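Peer 1: See entry-v4.txt below, with compact mmCIF, C-alpha atoms.
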```txt
# COMPACT_ATOMS: atom_id res chain seq x y z
CA MET X 1 -28.46 -2.31 4.41
CA ASN X 2 -27.62 -5.88 3.44
CA VAL X 3 -24.43 -6.30 1.38
CA TYR X 4 -22.69 -9.37 -0.02
CA PHE X 5 -18.92 -9.47 -0.53
CA ALA X 6 -17.68 -11.69 -3.36
CA SER X 7 -14.34 -12.44 -4.99
CA TYR X 8 -12.37 -15.17 -6.79
CA GLN X 9 -12.42 -18.62 -5.17
CA SER X 10 -8.79 -18.71 -4.04
CA ILE X 11 -9.00 -15.43 -2.12
CA MET X 12 -8.69 -17.03 1.33
CA LEU X 13 -5.98 -19.48 0.25
CA LEU X 14 -3.64 -16.83 -1.16
CA LYS X 15 -3.66 -14.79 2.07
CA GLY X 16 -2.63 -11.65 0.23
CA GLY X 17 -3.54 -7.99 0.19
CA PRO X 18 -7.03 -8.42 -1.32
CA ARG X 19 -8.06 -10.71 1.55
CA THR X 20 -6.87 -8.12 4.07
CA GLN X 21 -8.72 -5.41 2.17
CA ILE X 22 -11.94 -7.42 2.21
CA LEU X 23 -11.78 -8.28 5.90
CA GLN X 24 -10.93 -4.73 6.95
CA THR X 25 -13.64 -3.23 4.72
CA LYS X 26 -16.18 -5.62 6.23
CA GLN X 27 -15.14 -4.61 9.73
CA GLY X 28 -15.36 -0.91 8.89
CA LEU X 29 -18.80 -1.16 7.27
CA GLU X 30 -20.19 -3.16 10.17
CA LYS X 31 -19.16 -0.38 12.53
CA LEU X 32 -21.39 1.88 10.42
CA GLY X 33 -24.34 -0.49 10.82
CA VAL X 34 -24.12 -2.25 7.44
CA LYS X 35 -24.82 -5.99 7.41
CA VAL X 36 -22.04 -7.66 5.42
CA SER X 37 -22.10 -11.35 4.41
CA PHE X 38 -19.65 -13.38 2.32
CA PHE X 39 -21.18 -14.85 -0.82
CA GLU X 40 -20.83 -18.63 -0.82
CA THR X 41 -20.33 -20.38 -4.16
CA TRP X 42 -22.92 -23.06 -3.41
CA GLN X 43 -25.74 -20.76 -2.36
CA GLU X 44 -28.39 -19.62 -4.81
CA LEU X 45 -28.28 -15.91 -5.43
CA GLN X 46 -31.61 -14.21 -5.86
CA ALA X 47 -32.51 -10.60 -6.55
CA GLY X 48 -34.13 -9.06 -3.48
CA LYS X 49 -32.07 -11.09 -1.00
CA CYS X 50 -29.45 -8.33 -0.80
CA ASP X 51 -29.25 -4.61 -1.55
CA LEU X 52 -25.80 -4.65 -3.10
CA ILE X 53 -22.91 -6.94 -4.06
CA HIS X 54 -19.36 -5.69 -3.68
CA LEU X 55 -17.03 -7.63 -5.96
CA PHE X 56 -13.30 -7.58 -5.23
CA GLY X 57 -11.12 -8.29 -8.26
CA ALA X 58 -12.16 -7.80 -11.89
CA ASN X 59 -10.54 -10.65 -13.82
CA ILE X 60 -11.14 -14.10 -15.31
CA GLY X 61 -11.64 -15.47 -11.78
CA THR X 62 -14.69 -13.27 -11.16
CA TYR X 63 -15.99 -12.75 -14.70
CA HIS X 64 -18.78 -15.34 -14.82
CA LEU X 65 -19.98 -14.43 -11.34
CA ALA X 66 -20.13 -10.74 -12.31
CA ARG X 67 -22.02 -11.60 -15.50
CA GLU X 68 -24.69 -13.54 -13.60
CA ILE X 69 -25.02 -10.79 -10.99
CA HIS X 70 -25.58 -8.35 -13.85
CA LYS X 71 -28.19 -10.63 -15.44
CA LEU X 72 -30.07 -10.82 -12.14
CA GLY X 73 -30.20 -7.04 -11.95
CA ILE X 74 -28.52 -6.85 -8.55
CA PRO X 75 -26.60 -3.58 -8.04
CA MET X 76 -22.86 -4.25 -8.03
CA ILE X 77 -19.86 -2.25 -6.84
CA VAL X 78 -16.42 -3.35 -8.06
CA THR X 79 -12.97 -2.92 -6.57
CA PRO X 80 -10.97 -3.91 -9.68
CA ILE X 81 -7.51 -4.36 -8.09
CA PHE X 82 -5.90 -3.52 -11.41
CA TYR X 83 -2.56 -2.11 -12.44
CA SER X 84 -0.55 -2.19 -15.63
CA LEU X 85 2.83 -0.91 -16.74
CA HIS X 86 1.41 -0.48 -20.25
CA SER X 87 0.38 2.95 -21.45
CA THR X 88 -3.26 4.00 -21.72
CA ARG X 89 -2.82 4.04 -25.49
CA PHE X 90 -1.71 0.38 -25.42
CA LEU X 91 -4.72 -0.53 -23.27
CA ARG X 92 -7.14 1.17 -25.66
CA THR X 93 -5.60 -0.69 -28.59
CA ALA X 94 -5.81 -4.01 -26.74
CA LEU X 95 -9.45 -3.32 -25.89
CA ARG X 96 -10.34 -2.60 -29.52
CA LEU X 97 -8.54 -5.78 -30.57
CA ASP X 98 -10.47 -7.77 -27.97
CA ARG X 99 -13.80 -6.42 -29.22
CA PHE X 100 -12.91 -7.25 -32.83
CA ILE X 101 -11.70 -10.79 -32.09
CA ARG X 102 -14.72 -11.61 -29.94
CA LYS X 103 -17.03 -10.80 -32.83
CA SER X 104 -14.98 -12.91 -35.23
CA TYR X 105 -13.79 -15.84 -33.12
CA HIS X 106 -15.90 -17.27 -30.31
CA GLY X 107 -14.09 -18.46 -27.20
CA PHE X 108 -11.15 -16.06 -27.45
CA TRP X 109 -10.68 -13.98 -24.28
CA MET X 110 -8.38 -11.14 -23.31
CA ASP X 111 -7.88 -9.97 -19.74
CA TYR X 112 -8.49 -6.33 -20.60
CA GLY X 113 -11.81 -7.09 -22.26
CA LEU X 114 -13.03 -9.09 -19.28
CA LEU X 115 -12.00 -6.33 -16.90
CA ALA X 116 -13.79 -3.71 -19.00
CA ASP X 117 -16.98 -5.81 -19.13
CA ILE X 118 -17.09 -6.24 -15.36
CA CYS X 119 -16.52 -2.53 -14.75
CA ASN X 120 -19.16 -1.55 -17.30
CA TRP X 121 -21.71 -3.80 -15.57
CA ALA X 122 -21.04 -2.17 -12.20
CA GLU X 123 -22.94 0.73 -10.67
CA GLY X 124 -19.73 2.07 -9.19
CA ILE X 125 -15.97 1.42 -9.41
CA LEU X 126 -13.63 1.81 -6.45
CA PRO X 127 -9.99 2.04 -7.62
CA ASN X 128 -7.39 2.24 -4.85
CA THR X 129 -5.31 5.00 -6.43
CA GLU X 130 -5.59 7.88 -8.85
CA SER X 131 -3.22 6.01 -11.19
CA GLU X 132 -5.58 3.03 -11.28
CA ARG X 133 -8.54 5.32 -11.93
CA ARG X 134 -6.71 6.95 -14.86
CA LEU X 135 -5.81 3.57 -16.38
CA LEU X 136 -9.43 2.49 -16.19
CA GLU X 137 -10.86 5.71 -17.62
CA GLU X 138 -8.29 6.60 -20.28
CA GLY X 139 -7.11 3.07 -21.11
CA LEU X 140 -10.22 0.91 -20.81
CA LEU X 141 -12.76 3.69 -21.36
CA ILE X 142 -14.60 3.18 -18.06
CA ALA X 143 -16.81 6.18 -17.28
CA GLY X 144 -15.01 8.51 -14.88
CA GLU X 145 -18.22 9.72 -13.23
CA LYS X 146 -18.86 6.33 -11.66
CA GLN X 147 -15.34 5.92 -10.27
CA TYR X 148 -14.50 6.81 -6.67
CA VAL X 149 -10.90 6.48 -5.49
CA ILE X 150 -10.74 4.65 -2.13
CA PRO X 151 -7.11 4.46 -0.92
CA ASN X 152 -6.01 1.44 1.09
CA GLY X 153 -5.88 2.36 4.75
CA VAL X 154 -3.59 1.46 7.62
CA GLU X 155 -4.85 -0.45 10.64
CA GLU X 156 -4.69 1.55 13.86
CA ARG X 157 -2.46 -1.11 15.44
CA PHE X 158 0.20 -0.25 12.84
CA TYR X 159 -0.49 3.48 12.63
CA ASN X 160 -0.15 3.92 16.40
CA ALA X 161 2.61 1.34 16.88
CA ASP X 162 5.86 2.08 18.70
CA SER X 163 8.77 1.49 16.31
CA ALA X 164 11.12 1.01 19.29
CA LEU X 165 9.69 -2.50 19.75
CA PHE X 166 11.12 -3.59 16.39
CA ARG X 167 14.40 -1.68 16.73
CA ASN X 168 15.12 -3.15 20.14
CA LYS X 169 14.38 -6.73 19.05
CA TYR X 170 16.26 -6.75 15.73
CA GLY X 171 18.87 -4.05 16.29
CA VAL X 172 18.25 -2.18 13.02
CA ASP X 173 17.21 1.39 12.37
CA LYS X 174 16.62 3.55 9.27
CA PHE X 175 16.09 0.54 7.03
CA ILE X 176 14.42 -0.28 3.72
CA LEU X 177 11.18 -2.21 4.32
CA ASN X 178 9.40 -4.54 1.90
CA VAL X 179 6.16 -6.24 2.96
CA GLY X 180 4.48 -8.84 0.76
CA HIS X 181 4.60 -12.39 -0.51
CA VAL X 182 8.02 -13.67 -1.53
CA GLY X 183 7.50 -15.91 -4.55
CA PRO X 184 5.38 -14.16 -7.20
CA GLY X 185 7.82 -12.88 -9.82
CA ARG X 186 5.80 -9.73 -10.44
CA LYS X 187 6.68 -8.48 -6.94
CA ASN X 188 10.35 -8.25 -7.95
CA VAL X 189 11.74 -9.27 -4.55
CA LEU X 190 14.75 -11.02 -6.10
CA ARG X 191 15.77 -7.85 -7.91
CA LEU X 192 15.28 -5.91 -4.68
CA ILE X 193 17.61 -8.32 -2.85
CA SER X 194 20.22 -7.95 -5.60
CA ALA X 195 19.97 -4.17 -5.49
CA VAL X 196 20.29 -3.77 -1.73
CA ASN X 197 23.33 -6.04 -1.65
CA ASN X 198 25.20 -3.16 -3.29
CA ILE X 199 24.30 -0.52 -0.71
CA GLU X 200 24.92 -0.17 3.00
CA THR X 201 21.34 0.49 4.14
CA PRO X 202 19.83 -2.38 6.19
CA THR X 203 16.83 -4.06 4.55
CA VAL X 204 13.92 -5.85 6.18
CA ILE X 205 11.70 -8.19 4.13
CA ILE X 206 8.48 -9.37 5.75
CA GLY X 207 6.16 -11.86 4.07
CA ARG X 208 5.21 -15.46 3.45
CA ILE X 209 7.86 -17.24 1.36
CA GLU X 210 6.21 -19.43 -1.26
CA ASN X 211 7.68 -22.86 -1.91
CA ASN X 212 8.53 -22.34 -5.56
CA SER X 213 11.73 -21.77 -7.53
CA TYR X 214 11.50 -17.98 -7.25
CA GLY X 215 10.86 -18.08 -3.51
CA ARG X 216 13.80 -20.43 -2.99
CA MET X 217 16.11 -18.14 -4.99
CA CYS X 218 15.08 -15.26 -2.77
```
Please, can you express the file's structure as structure tokens?
Peer 2:
Amino acid sequence: MNVYFASYQSIMLLKGGPRTQILQTKQGLEKLGVKVSFFETWQELQAGKCDLIHLFGANIGTYHLAREIHKLGIPMIVTPIFYSLHSTRFLRTALRLDRFIRKSYHGFWMDYGLLADICNWAEGILPNTESERRLLEEGLLIAGEKQYVIPNGVEERFYNADSALFRNKYGVDKFILNVGHVGPGRKNVLRLISAVNNIETPTVIIGRIENNSYGRMC
């Protein structure tokens, strides 16, 4: 089986969780005998050259690519990488508003409408959690029968690691751990730092610190 992986253009520059997910999924599929290639922006994509395209990220950064894949009739699987603090009722309302505005005013886009389009074009949707699946089905009206929850895994080097290595080097035990970029406001690291300053439990923060105002405050 010949599969292409595709995503938004900045995926390798951001060095975040989606990149790790892509690289680890590629490695796992290749162990099963699947040929996995990365789709290059400058190559011409033709139906028949691959059996399937797996798109990571359903958003404005992947929308036009997904639309052209759909036009070509190439089967597409989507890992949306979507979460929202809004209720499913709010999402349904936003989706209806998006549909109405698109018919009335050309060139007006809403994130939820783009996400719904991409998922509707796909043969299958792979949310990472049951919560994400519920948001997609009940909020954005994506058919539940084509959704398959695929939880993010843990690399064996972490799963089988000896925690004594860390304890002995840094002298901390029974600590709060936060792993992720320090800089994007949505990750709430600054509020975490403020909160743990008021308790006695040691805290370990691991991640690339972005050179922006939020990262510097952290």
Peer 1: Just give me the gap between CA of His70 in chain X and CA of Lys31 in chain X in Å, one decimal is fine.
Peer 2: 28.3 Å
Peer 1: Of the residues X:Asn152, X:Leu32, X:Gln27, X:Thr62, which is the one nearest to Ser7 in chain X, using all atoms listed in the file?
Peer 2: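 Among the listed residues, the smallest separation from Ser7 in chain X belongs to X:Thr62.
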Peer 1: With all atoms listed in the file as the atoms that count, which of X:Ile150, X:Val36, X:Val189, X:Ile101 lies nearest to Arg216 in chain X?
Peer 2: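 Smallest distance to Arg216 in chain X is found for X:Val189.
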Peer 1: Take the point (-34.2, -10.8, -5.1) as written in the file and pick out every residue within 12 Å of it, counting all atoms listed in the file; give the list as a list in words.
Peer 2: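 It turns out the residues near that spot are Asn2, Glu44, Leu45, Gln46, Ala47, Gly48, Lys49, Cys50, Asp51, Leu52, Ile53, Ile69, Lys71, Leu72, Gly73, Ile74 and Pro75 of chain X.
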Peer 1: For CA of Asp98 in chain X and CA of Asp111 in chain X, determine how far apart the two atoms are, in Å to one decimal place.
Peer 2: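 Computing the Euclidean distance for CA of Asp98 in chain X and CA of Asp111 in chain X yields 8.9 Å.
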Peer 1: Would you be able to write out as number ranges by chain which residues have an atom within 12 Å of (-11.8, -14.9, -22.2) in the file's coordinates, counting only C-alpha atoms?
Peer 2: X: 59-64, 98-99, 101-102, 105-117
Peer 1: One decimal, in Å: what's the spacing between CA of Arg96 in chain X and CA of Ala122 in chain X?
Peer 2: 20.4 Å
Peer 1: Give me, as a short mmCIF file (atom, residue, chain, number, x, y, z; two decimals) with C-alpha atoms, keeping the file's coordinate frame, all polymer residues having an atom no more than 10 Å from Leu192 in chain X, counting all atoms listed in the file and skipping those fewer than 6 positions away in the same chain.
Peer 2:
```
data_model
loop_
_atom_site.label_atom_id
_atom_site.label_comp_id
_atom_site.auth_asym_id
_atom_site.auth_seq_id
_atom_site.Cartn_x
_atom_site.Cartn_y
_atom_site.Cartn_z
CA ASN X 178 9.40 -4.54 1.90
CA THR X 203 16.83 -4.06 4.55
CA ILE X 205 11.70 -8.19 4.13
CA CYS X 218 15.08 -15.26 -2.77
#
```
Peer 1: Using only C-alpha atoms, which of the listed residues (X:Asn120, X:Tyr214, X:Pro184, X:Ala66) sits closest to Gly16 in chain X?
Peer 2: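 So, comparing all the options, the nearest one is X:Pro184.
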Peer 1: Can you pull out every residue within 12 Å of range 157-171 of chain X, counting all atoms listed in the file, but drop anything in the same chain fewer than 3 positions away, and send it as number ranges by chain?
Peer 2: X: 153-154, 174-175, 202-204
Peer 1: Need the shell around Glu40 in chain X: protein/DNA/RNA residues with any atom at most 12 Å away, counting all atoms listed in the file. Skip same-chain ones fewer than 5 positions apart. Format as a PDB file with C-alpha atoms, keeping the file's coordinate frame?
Peer 2:
```pdb
ATOM      1  CA  TYR X   4     -22.690  -9.370  -0.020  1.00  0.00           C
ATOM      2  CA  PHE X   5     -18.920  -9.470  -0.530  1.00  0.00           C
ATOM      3  CA  ALA X   6     -17.680 -11.690  -3.360  1.00  0.00           C
ATOM      4  CA  SER X   7     -14.340 -12.440  -4.990  1.00  0.00           C
ATOM      5  CA  TYR X   8     -12.370 -15.170  -6.790  1.00  0.00           C
ATOM      6  CA  GLN X   9     -12.420 -18.620  -5.170  1.00  0.00           C
ATOM      7  CA  LEU X  45     -28.280 -15.910  -5.430  1.00  0.00           C
ATOM      8  CA  LEU X  65     -19.980 -14.430 -11.340  1.00  0.00           C
TER       9      LEU X  65
END
```
Peer 1: Can you work out which one of X:Gly139, X:Gly57, X:Pro18, X:Pro127 has the shortest atom-to-atom distance to Arg89 in chain X, counting only C-alpha atoms?
Peer 2: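 Closest residue, counting only C-alpha atoms: X:Gly139.
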Peer 1: Could you check the closest approach to Ser87 in chain X for each of X:Glu138, X:Gln43, X:Lys187, X:Ile118 and tell me which residue wins, using only C-alpha atoms?
Peer 2: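 Of all the options, X:Glu138 lies closest to Ser87 in chain X.
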Peer 1: Between X:Thr20, X:Leu91, X:Ile125, X:Val34, which is the closest to Ala58 in chain X once you count all atoms listed in the file?
Peer 2: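 Comparing X:Thr20, X:Leu91, X:Ile125, X:Val34 against Ala58 in chain X, the winner is X:Ile125.
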Peer 1: Which polymer residues have any atom within 8 Å of an atom of Asn128 in chain X, counting all atoms listed in the file, with same-chain residues fewer than 3 positions away left out, as a PDB file with C-alpha atoms, in the coordinates of the input?
Peer 2:
```
ATOM      1  CA  THR X  79     -12.970  -2.920  -6.570  1.00  0.00           C
ATOM      2  CA  ILE X  81      -7.510  -4.360  -8.090  1.00  0.00           C
ATOM      3  CA  GLU X 132      -5.580   3.030 -11.280  1.00  0.00           C
ATOM      4  CA  ARG X 133      -8.540   5.320 -11.930  1.00  0.00           C
ATOM      5  CA  VAL X 149     -10.900   6.480  -5.490  1.00  0.00           C
ATOM      6  CA  ILE X 150     -10.740   4.650  -2.130  1.00  0.00           C
ATOM      7  CA  PRO X 151      -7.110   4.460  -0.920  1.00  0.00           C
ATOM      8  CA  ASN X 152      -6.010   1.440   1.090  1.00  0.00           C
TER       9      ASN X 152
END
```
